[in-house]
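Enquirer: Quick one: the structure is below, questions incoming.
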There are 2 protein chains.
Amino acid sequence: MADVAQRAGVSAQTVSRVANGFGGVLEETREVVIAAMDELGYRPNSAARALKLGSFHTIGVISNTLSTIGDIRTIEAIAHSAAVEGYTTTLIPLRAQSEGAGRVYSRLQELAVDALILNIETQLLERAEVLLPPGVPVVLMDTGADDAHVVVDTDQFDGARQATRHLLSLGHDTVWHLAGPEGSHPAQRRAEGWRQTLAESGRDIPPVLRGDWTAQSGYALGRRAAADPGCTAVFCANDQMALGLYRALREAGRSIPDDVSVVGFDDTEDAGAYDPPLTSVHQDFADAGRRAVAAALAQVRGASGSPRMDVVPTTLVVRESTAPPPSPGR
Amino acid sequence: MADVAQRAGVSAQTVSRVANGFGGVLEETREVVIAAMDELGYRPNSAARALKLGSFHTIGVISNTLSTIGDIRTIEAIAHSAAVEGYTTTLIPLRAQSEGAGRVYSRLQELAVDALILNIETQLLERAEVLLPPGVPVVLMDTGADDAHVVVDTDQFDGARQATRHLLSLGHDTVWHLAGPEGSHPAQRRAEGWRQTLAESGRDIPPVLRGDWTAQSGYALGRRAAADPGCTAVFCANDQMALGLYRALREAGRSIPDDVSVVGFDDTEDAGAYDPPLTSVHQDFADAGRRAVAAALAQVRGASGSPRMDVVPTTLVVRESTAPPPSPGR
DNA sequence: AACAGCTATGTTTGCGTAAACATCCTACGC
DNA sequence: GCGTAGGATGTTTACGCAAACATAGCTGTT
């Protein structure tokens, strides 16, 4: 910066003013300074700026894995929303740092971020395996209500309820459920929504088949569901598991939706190209990401009036994988 | 830091030594300092550290979208590898900044990164729509050879060749191709590998059906392929398009693999749960990410001996979606 | 003509850190 | 007992920037 100032024949402060687009600089001076900046290939040092301003203009996203489509869409939405606000997004993969608790600790502590968005299993937080740096605003996503933090949650429960009701309203006696893994809050809530809806209608509640979000697990569990002739409707905790279920049903000679109806969750891009196109609960990942960023920045900017809990609605998208159950006499 | 020093009764420099794990500090002193750090909730200011050291310990990843599974796996691998090396990863979604070229310029120029990994379409670079900050090491992924930069490329061409040869060796007269979008280098190379392999064997080259990576486009194009009775083998530019093709074929009453064989590309996790499980060209995203990070850090550390071009091999994974063509007299 | 009020620019300062250098103390050899 | 080596710690400094304050010049008012 000093070089630029000298070359332009002005003070460093004036260069700073030009670089930041502040007023109070003669148009003529500005042009000279800009020319000098170009000639010298000057670019501002963001470390110095961050040190001076006390802010990195960066949001950190902590995610245990990027394995599910949902995680990815969320991160994409966060990065996008943050960029619009002039913030960059730092990715903090948790797994890599779990080697040695001390490591996680120090790494997170030193993080050059103004705020953190956590998209991890709540139990990790509770077990204090993730020691958050004190004083950094935190937004939790897809986790239970938490008194200490701002939470942005997708309405998993209602989505599961819509899916289950849809299947019941088609005439199915009950609905099976391929659930997500135990530690996952979304998996938990979806299972609860399903169970409670069945219970309210006084239906039998089939055993929960617990998978791990992968299509492979959907296939493995699906074989058990397919083997039960009483199973005419299945609600899957995500689309990928539904894909595995499709294969299991077809191998068992049961057609979709004539013999068995299937509903997924997430409404990923692929769902419409499944065979048949999958009825699925749509999650608005973009909206959730936007709200998380907004909540994080609100805290950064000191606005304490932000809601402690922000719920993003879900909607059922009906395609061709659901139909009334086969008539008994068929 | 000064507070910690005062509380511990030592100088700031000693605190710095403890914080960085340097030697030359008495065990006793170290304990006192650590106690003081804990009591005061001290955490090092990474902006100041970056300013002092001239390095951010951060790698930037520029990606146009995160829409395809491949992009995502790559980014995950980069973030993971970077974390292992003690670097954090900053996500720079290109789309968000394209609003106004000047915006892109300034944003990229100021980026607080030690190196950049680009995973974008080459043409954007060539058209100078992305003005890279001078002096920052750059690694290009999945793009053509480039004299000016280090490139880490997956062997798309050979993968396509393996897929095509596999189908020909099963006895198919020729192989159709559902290609990726025009601007994409991987799409280009996969199409070339397919075309050249057919040409070498003197086979007819069916029209290229160009899609956009989505299952939807795979379905739309697949209907055209399915309508041609001469089409008994299709090589898809990615697994998602193969999924769409599956549906199109089934709707046309053609079974996989008895009537039509299908090969995908990427070997995503889901591929093994397609019905039937998809034969696909495996890409080692983790390895590619690791190499990109290694190449980037090699440049950061000044080692100029790194190769200019690093090619990650691909391997065909044969599952159940490929078989000999139906016998004419069947 | 004197002064206030404004705009354009310059000067000083400190953000938190770690390298470089300076100092102190202890142990050991002769 | 003196000198020296080496380990432990303190002091000074600069990294690049922008806020705060200072200054200079100019306009318009009385």
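Residues are referred to by chain and number: the chain letter is A, B, ... according to the order shown in the structure tokens, the number counts from 1 in that chain, and ligands are numbered separately from 1 in the order shown.
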Find the residues in chain C near chain B: any atom within 10 Å counts, using only C-alpha atoms (C1' of nucleotides). Write them as a list in words.
Expert: DC15, DG16, DT17, DA18 and DA19 of chain C
Enquirer: Save out the residues we just selected, N, CA and C atoms (P, O5', C5', C4', C3', O3' and C1' of nucleotides), as an mmCIF file, in the first residue's frame.
Expert:
```cif
data_model
loop_
_atom_site.group_PDB
_atom_site.id
_atom_site.type_symbol
_atom_site.label_atom_id
_atom_site.label_comp_id
_atom_site.auth_asym_id
_atom_site.auth_seq_id
_atom_site.Cartn_x
_atom_site.Cartn_y
_atom_site.Cartn_z
ATOM 1 P P DC C 15 -4.103 -1.867 20.778
ATOM 2 O "O5'" DC C 15 -4.780 -3.007 19.904
ATOM 3 C "C5'" DC C 15 -6.066 -2.819 19.324
ATOM 4 C "C4'" DC C 15 -6.169 -3.648 18.072
ATOM 5 C "C3'" DC C 15 -5.509 -5.020 18.202
ATOM 6 O "O3'" DC C 15 -6.488 -5.960 18.650
ATOM 7 C "C1'" DC C 15 -5.000 -3.968 16.089
ATOM 8 P P DG C 16 -6.255 -6.706 20.082
ATOM 9 O "O5'" DG C 16 -5.260 -7.866 19.643
ATOM 10 C "C5'" DG C 16 -5.730 -8.856 18.730
ATOM 11 C "C4'" DG C 16 -4.564 -9.693 18.293
ATOM 12 C "C3'" DG C 16 -3.811 -10.375 19.430
ATOM 13 O "O3'" DG C 16 -3.742 -11.753 19.117
ATOM 14 C "C1'" DG C 16 -2.308 -9.214 18.016
ATOM 15 P P DT C 17 -2.908 -12.793 19.951
ATOM 16 O "O5'" DT C 17 -1.591 -12.912 19.076
ATOM 17 C "C5'" DT C 17 -1.709 -13.441 17.752
ATOM 18 C "C4'" DT C 17 -0.439 -13.190 16.988
ATOM 19 C "C3'" DT C 17 0.778 -13.946 17.512
ATOM 20 O "O3'" DT C 17 0.929 -15.107 16.709
ATOM 21 C "C1'" DT C 17 1.293 -11.699 16.815
ATOM 22 P P DA C 18 1.868 -16.275 17.221
ATOM 23 O "O5'" DA C 18 3.268 -15.804 16.643
ATOM 24 C "C5'" DA C 18 3.464 -15.872 15.240
ATOM 25 C "C4'" DA C 18 4.813 -15.308 14.892
ATOM 26 C "C3'" DA C 18 6.006 -16.079 15.454
ATOM 27 O "O3'" DA C 18 7.058 -15.965 14.517
ATOM 28 C "C1'" DA C 18 6.088 -13.897 16.241
ATOM 29 P P DA C 19 8.162 -17.115 14.507
ATOM 30 O "O5'" DA C 19 9.390 -16.338 13.861
ATOM 31 C "C5'" DA C 19 9.210 -15.567 12.683
ATOM 32 C "C4'" DA C 19 10.168 -14.401 12.690
ATOM 33 C "C3'" DA C 19 11.613 -14.772 13.007
ATOM 34 O "O3'" DA C 19 12.474 -14.128 12.087
ATOM 35 C "C1'" DA C 19 10.856 -13.112 14.520
#
```
Enquirer: Tell me, counting only C-alpha atoms (C1' of nucleotides), for each residue of chain D within 12 Å of chain B, which pair of atoms is nearest and how far apart they are in Å to one decimal, in rows ordered by chain and increasing number, as JSON lines.
Expert:
```
{"residue": "D:DG6", "atom": "C1'", "partner": "B:Gly24", "partner_atom": "CA", "distance": 11.1}
{"residue": "D:DG7", "atom": "C1'", "partner": "B:Gly24", "partner_atom": "CA", "distance": 7.0}
{"residue": "D:DA8", "atom": "C1'", "partner": "B:Gly24", "partner_atom": "CA", "distance": 6.3}
{"residue": "D:DT9", "atom": "C1'", "partner": "B:Thr14", "partner_atom": "CA", "distance": 7.2}
{"residue": "D:DG10", "atom": "C1'", "partner": "B:Ser11", "partner_atom": "CA", "distance": 6.3}
{"residue": "D:DT11", "atom": "C1'", "partner": "B:Ser11", "partner_atom": "CA", "distance": 9.2}
{"residue": "D:DT12", "atom": "C1'", "partner": "B:Gln13", "partner_atom": "CA", "distance": 11.2}
{"residue": "D:DT13", "atom": "C1'", "partner": "B:Lys52", "partner_atom": "CA", "distance": 11.8}
{"residue": "D:DA14", "atom": "C1'", "partner": "B:Lys52", "partner_atom": "CA", "distance": 8.5}
{"residue": "D:DC15", "atom": "C1'", "partner": "B:Lys52", "partner_atom": "CA", "distance": 4.9}
{"residue": "D:DG16", "atom": "C1'", "partner": "B:Leu51", "partner_atom": "CA", "distance": 7.5}
{"residue": "D:DC17", "atom": "C1'", "partner": "B:Leu51", "partner_atom": "CA", "distance": 10.2}
```
Enquirer: Using only C-alpha atoms, find which residues of chain B lie within 6 Å of chain A and jot them down as a CSV table (one decimal) with N, CA and C atoms, in the first residue's frame.
Expert:
```
chain,number,residue,atom,x,y,z
B,44,PRO,N,-6.0,-17.6,20.2
B,44,PRO,CA,-5.1,-16.8,19.3
B,44,PRO,C,-5.9,-16.2,18.2
B,46,SER,N,-6.3,-15.4,14.6
B,46,SER,CA,-5.6,-15.9,13.4
B,46,SER,C,-5.4,-14.8,12.4
B,47,ALA,N,-6.1,-13.7,12.5
B,47,ALA,CA,-5.8,-12.6,11.6
B,47,ALA,C,-4.4,-12.0,11.8
B,48,ALA,N,-4.2,-11.8,13.1
B,48,ALA,CA,-2.8,-11.3,13.5
B,48,ALA,C,-1.8,-12.3,13.1
B,50,ALA,N,-1.9,-14.5,10.7
B,50,ALA,CA,-1.8,-14.5,9.3
B,50,ALA,C,-1.1,-13.3,8.8
B,51,LEU,N,-1.3,-12.2,9.4
B,51,LEU,CA,-0.6,-10.9,9.0
B,51,LEU,C,0.9,-11.1,9.3
B,80,HIS,N,-11.1,-32.5,3.2
B,80,HIS,CA,-10.6,-33.5,4.1
B,80,HIS,C,-9.0,-33.5,4.0
B,89,THR,N,-10.5,-24.9,4.3
B,89,THR,CA,-11.0,-24.8,2.9
B,89,THR,C,-12.1,-23.7,2.8
B,90,THR,N,-11.9,-22.8,1.9
B,90,THR,CA,-12.9,-21.8,1.7
B,90,THR,C,-13.6,-22.1,0.4
B,91,LEU,N,-14.9,-22.0,0.4
B,91,LEU,CA,-15.8,-22.3,-0.7
B,91,LEU,C,-16.1,-21.1,-1.4
B,96,ALA,N,-22.7,-17.0,-7.6
B,96,ALA,CA,-23.2,-15.9,-6.8
B,96,ALA,C,-22.5,-14.5,-7.1
B,110,GLU,N,-9.2,-10.2,-3.4
B,110,GLU,CA,-9.0,-10.0,-2.0
B,110,GLU,C,-9.0,-11.2,-1.2
B,112,ALA,N,-8.6,-14.3,0.9
B,112,ALA,CA,-7.7,-14.7,2.0
B,112,ALA,C,-7.3,-16.1,1.8
B,215,ALA,N,-30.6,-36.5,-14.1
B,215,ALA,CA,-31.4,-37.7,-14.4
B,215,ALA,C,-32.5,-37.4,-15.4
B,216,GLN,N,-33.0,-36.2,-15.2
B,216,GLN,CA,-34.1,-35.7,-16.1
B,216,GLN,C,-33.7,-35.8,-17.5
B,244,GLY,N,-31.9,-41.9,-15.3
B,244,GLY,CA,-33.0,-41.5,-16.2
B,244,GLY,C,-33.2,-42.4,-17.4
B,247,ARG,N,-35.2,-45.6,-16.6
B,247,ARG,CA,-36.7,-45.4,-16.6
B,247,ARG,C,-37.2,-45.4,-18.1
B,270,ASP,N,-24.8,-44.7,-5.0
B,270,ASP,CA,-26.1,-45.3,-5.3
B,270,ASP,C,-26.0,-46.3,-6.4
B,273,ALA,N,-27.1,-49.8,-6.1
B,273,ALA,CA,-28.4,-50.1,-5.6
B,273,ALA,C,-29.5,-49.8,-6.7
B,275,ASP,N,-31.5,-50.7,-10.1
B,275,ASP,CA,-32.1,-52.0,-10.4
B,275,ASP,C,-32.1,-52.1,-11.9
```
Enquirer: At a cut-off of 12 Å, using only C-alpha atoms (C1' of nucleotides), what residues contact A:Ala145? Leave out same-chain residues fewer than 2 positions from it and give the result as a PyMOL selection string.
Expert: chain A and resi 122+139-143+147-154+185+307-311
Enquirer: Save out the residues we just selected, C-alpha atoms, as a compact mmCIF listing (two decimals), in the first residue's frame.
Expert:
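Saved as out_16.txt:
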```
# COMPACT_ATOMS: atom_id res chain seq x y z
CA THR A 122 -26.57 -32.88 18.47
CA VAL A 139 -26.43 -21.31 14.52
CA LEU A 140 -27.58 -24.89 14.79
CA MET A 141 -29.30 -26.56 11.88
CA ASP A 142 -31.58 -29.56 11.89
CA THR A 143 -31.26 -30.20 15.53
CA ASP A 147 -31.85 -22.98 24.80
CA ALA A 148 -28.34 -21.78 24.32
CA HIS A 149 -28.32 -21.33 20.58
CA VAL A 150 -30.24 -20.08 17.60
CA VAL A 151 -31.71 -22.97 15.66
CA VAL A 152 -32.84 -23.24 12.05
CA ASP A 153 -34.82 -26.40 11.63
CA THR A 154 -36.66 -27.98 8.77
CA HIS A 185 -32.04 -35.66 14.68
CA PRO A 307 -35.89 -15.62 16.70
CA ARG A 308 -34.36 -18.42 18.66
CA MET A 309 -36.07 -21.01 16.51
CA ASP A 310 -36.78 -20.80 12.84
CA VAL A 311 -38.76 -23.59 11.20
```
Enquirer: DSSP on the backbone, alpha helix (DSSP H) only: what residues of stretch 17-75 of chain A does that give? Format it as a ChimeraX atom specification.
Expert: /A:17-19,27-40,46-53,69-75
Enquirer: Contacts of A:Leu40 at 9 Å or less, counting only C-alpha atoms (C1' of nucleotides), minus same-chain residues fewer than 6 places along, as a list in words?
Expert: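 The residues satisfying every condition are Asp3, Val4 and Arg7 of chain A.
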Enquirer: Which residue gives the smallest distance to A:Phe157 among A:Gly193, A:Gly144, A:Gly202, A:Pro186, with only C-alpha atoms counted?
Expert: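 Of A:Gly193, A:Gly144, A:Gly202, A:Pro186, the one nearest A:Phe157, counting only C-alpha atoms, is A:Gly193.
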Enquirer: Rounded to one decimal, what separation in Å do you get between atom CA of A:Gly9 and atom CA of A:Val33?
Expert: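 The value is 8.4 Å.
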Enquirer: As an NGL selection string, please: the residues near A:Asp173 (cut-off 12 Å, only C-alpha atoms (C1' of nucleotides), same-chain neighbours under 4 positions excluded).
Expert: :A and (164-169 or 198 or 201-206 or 230-234 or 260-261 or 324-328)
Enquirer: Between atom CA of A:Arg290 and atom CA of A:Pro181, what is the distance in Å, rounded to a tenth?
Expert: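 So the two atoms, atom CA of A:Arg290 and atom CA of A:Pro181, lie 26.4 Å apart.
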Enquirer: Could you list, as a PDB file with C-alpha atoms (C1' of nucleotides), in the first residue's frame, every residue within 12 Å of D:DG28, counting only C-alpha atoms (C1' of nucleotides) and ignoring same-chain residues fewer than 3 positions away?
Expert:
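Result written to part_15.pdb:
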```
ATOM      1  C1'  DC C   3     -14.571  33.959  10.155  1.00  0.00           C
ATOM      2  C1'  DA C   4     -17.229  29.702  10.106  1.00  0.00           C
ATOM      3  C1'  DG C   5     -17.974  25.583   7.679  1.00  0.00           C
ATOM      4  C1'  DC C   6     -16.844  22.528   4.493  1.00  0.00           C
TER       5       DC C   6
END
```
Enquirer: Identify all residues of stretch 72-270 of chain B in strand (DSSP E) (DSSP on the backbone) and supply them as a PyMOL selection string.
Expert: chain B and resi 88-93+115-119+138-141+150-154+176-179+209-210+233-236+261-266
Enquirer: So that I have them on file, write out the residues from the current selection with C-alpha atoms, as an mmCIF file, in the first residue's frame.
Expert:
```cif
data_model
loop_
_atom_site.group_PDB
_atom_site.id
_atom_site.type_symbol
_atom_site.label_atom_id
_atom_site.label_comp_id
_atom_site.auth_asym_id
_atom_site.auth_seq_id
_atom_site.Cartn_x
_atom_site.Cartn_y
_atom_site.Cartn_z
ATOM 1 C CA THR B 88 -8.897 -24.913 6.060
ATOM 2 C CA THR B 89 -10.962 -24.789 2.909
ATOM 3 C CA THR B 90 -12.888 -21.813 1.668
ATOM 4 C CA LEU B 91 -15.755 -22.340 -0.703
ATOM 5 C CA ILE B 92 -16.166 -19.826 -3.474
ATOM 6 C CA PRO B 93 -19.373 -20.379 -5.401
ATOM 7 C CA ALA B 115 -3.713 -21.234 -3.011
ATOM 8 C CA LEU B 116 -6.670 -21.816 -5.275
ATOM 9 C CA ILE B 117 -8.093 -25.024 -6.671
ATOM 10 C CA LEU B 118 -10.326 -24.425 -9.662
ATOM 11 C CA ASN B 119 -12.979 -26.880 -10.603
ATOM 12 C CA VAL B 138 -3.400 -22.274 -8.777
ATOM 13 C CA VAL B 139 -4.315 -25.884 -9.407
ATOM 14 C CA LEU B 140 -6.754 -26.738 -12.140
ATOM 15 C CA MET B 141 -8.911 -29.838 -11.875
ATOM 16 C CA VAL B 150 -0.622 -27.240 -12.589
ATOM 17 C CA VAL B 151 -3.407 -29.607 -13.563
ATOM 18 C CA VAL B 152 -4.887 -32.595 -11.762
ATOM 19 C CA ASP B 153 -7.034 -34.528 -14.148
ATOM 20 C CA THR B 154 -9.006 -37.717 -13.924
ATOM 21 C CA TRP B 176 -24.684 -45.180 -27.965
ATOM 22 C CA HIS B 177 -23.646 -42.281 -25.784
ATOM 23 C CA LEU B 178 -25.572 -39.945 -23.525
ATOM 24 C CA ALA B 179 -23.107 -37.093 -23.189
ATOM 25 C CA LEU B 209 -27.214 -37.299 -27.346
ATOM 26 C CA ARG B 210 -26.187 -34.318 -25.284
ATOM 27 C CA ALA B 233 -25.809 -50.678 -25.530
ATOM 28 C CA VAL B 234 -25.562 -47.203 -24.032
ATOM 29 C CA PHE B 235 -22.651 -45.507 -22.310
ATOM 30 C CA CYS B 236 -23.824 -42.641 -20.101
ATOM 31 C CA SER B 261 -26.824 -52.834 -21.687
ATOM 32 C CA VAL B 262 -26.030 -49.661 -19.759
ATOM 33 C CA VAL B 263 -22.757 -48.298 -18.394
ATOM 34 C CA GLY B 264 -22.476 -45.209 -16.232
ATOM 35 C CA PHE B 265 -19.633 -42.978 -15.112
ATOM 36 C CA ASP B 266 -18.592 -41.890 -11.599
#
```
Enquirer: Could you check how far atom CA of A:Gln156 sits from atom CA of A:Asn238, in Å to one decimal?
Expert: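 So the two atoms, atom CA of A:Gln156 and atom CA of A:Asn238, lie 11.1 Å apart.
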Enquirer: Could you tell me which of B:Ala295, B:Ala323, B:Thr68, B:Gly159 comes closest to B:Asp239 if we count only C-alpha atoms?
Expert: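 Under the stated criterion, the closest residue is B:Thr68.
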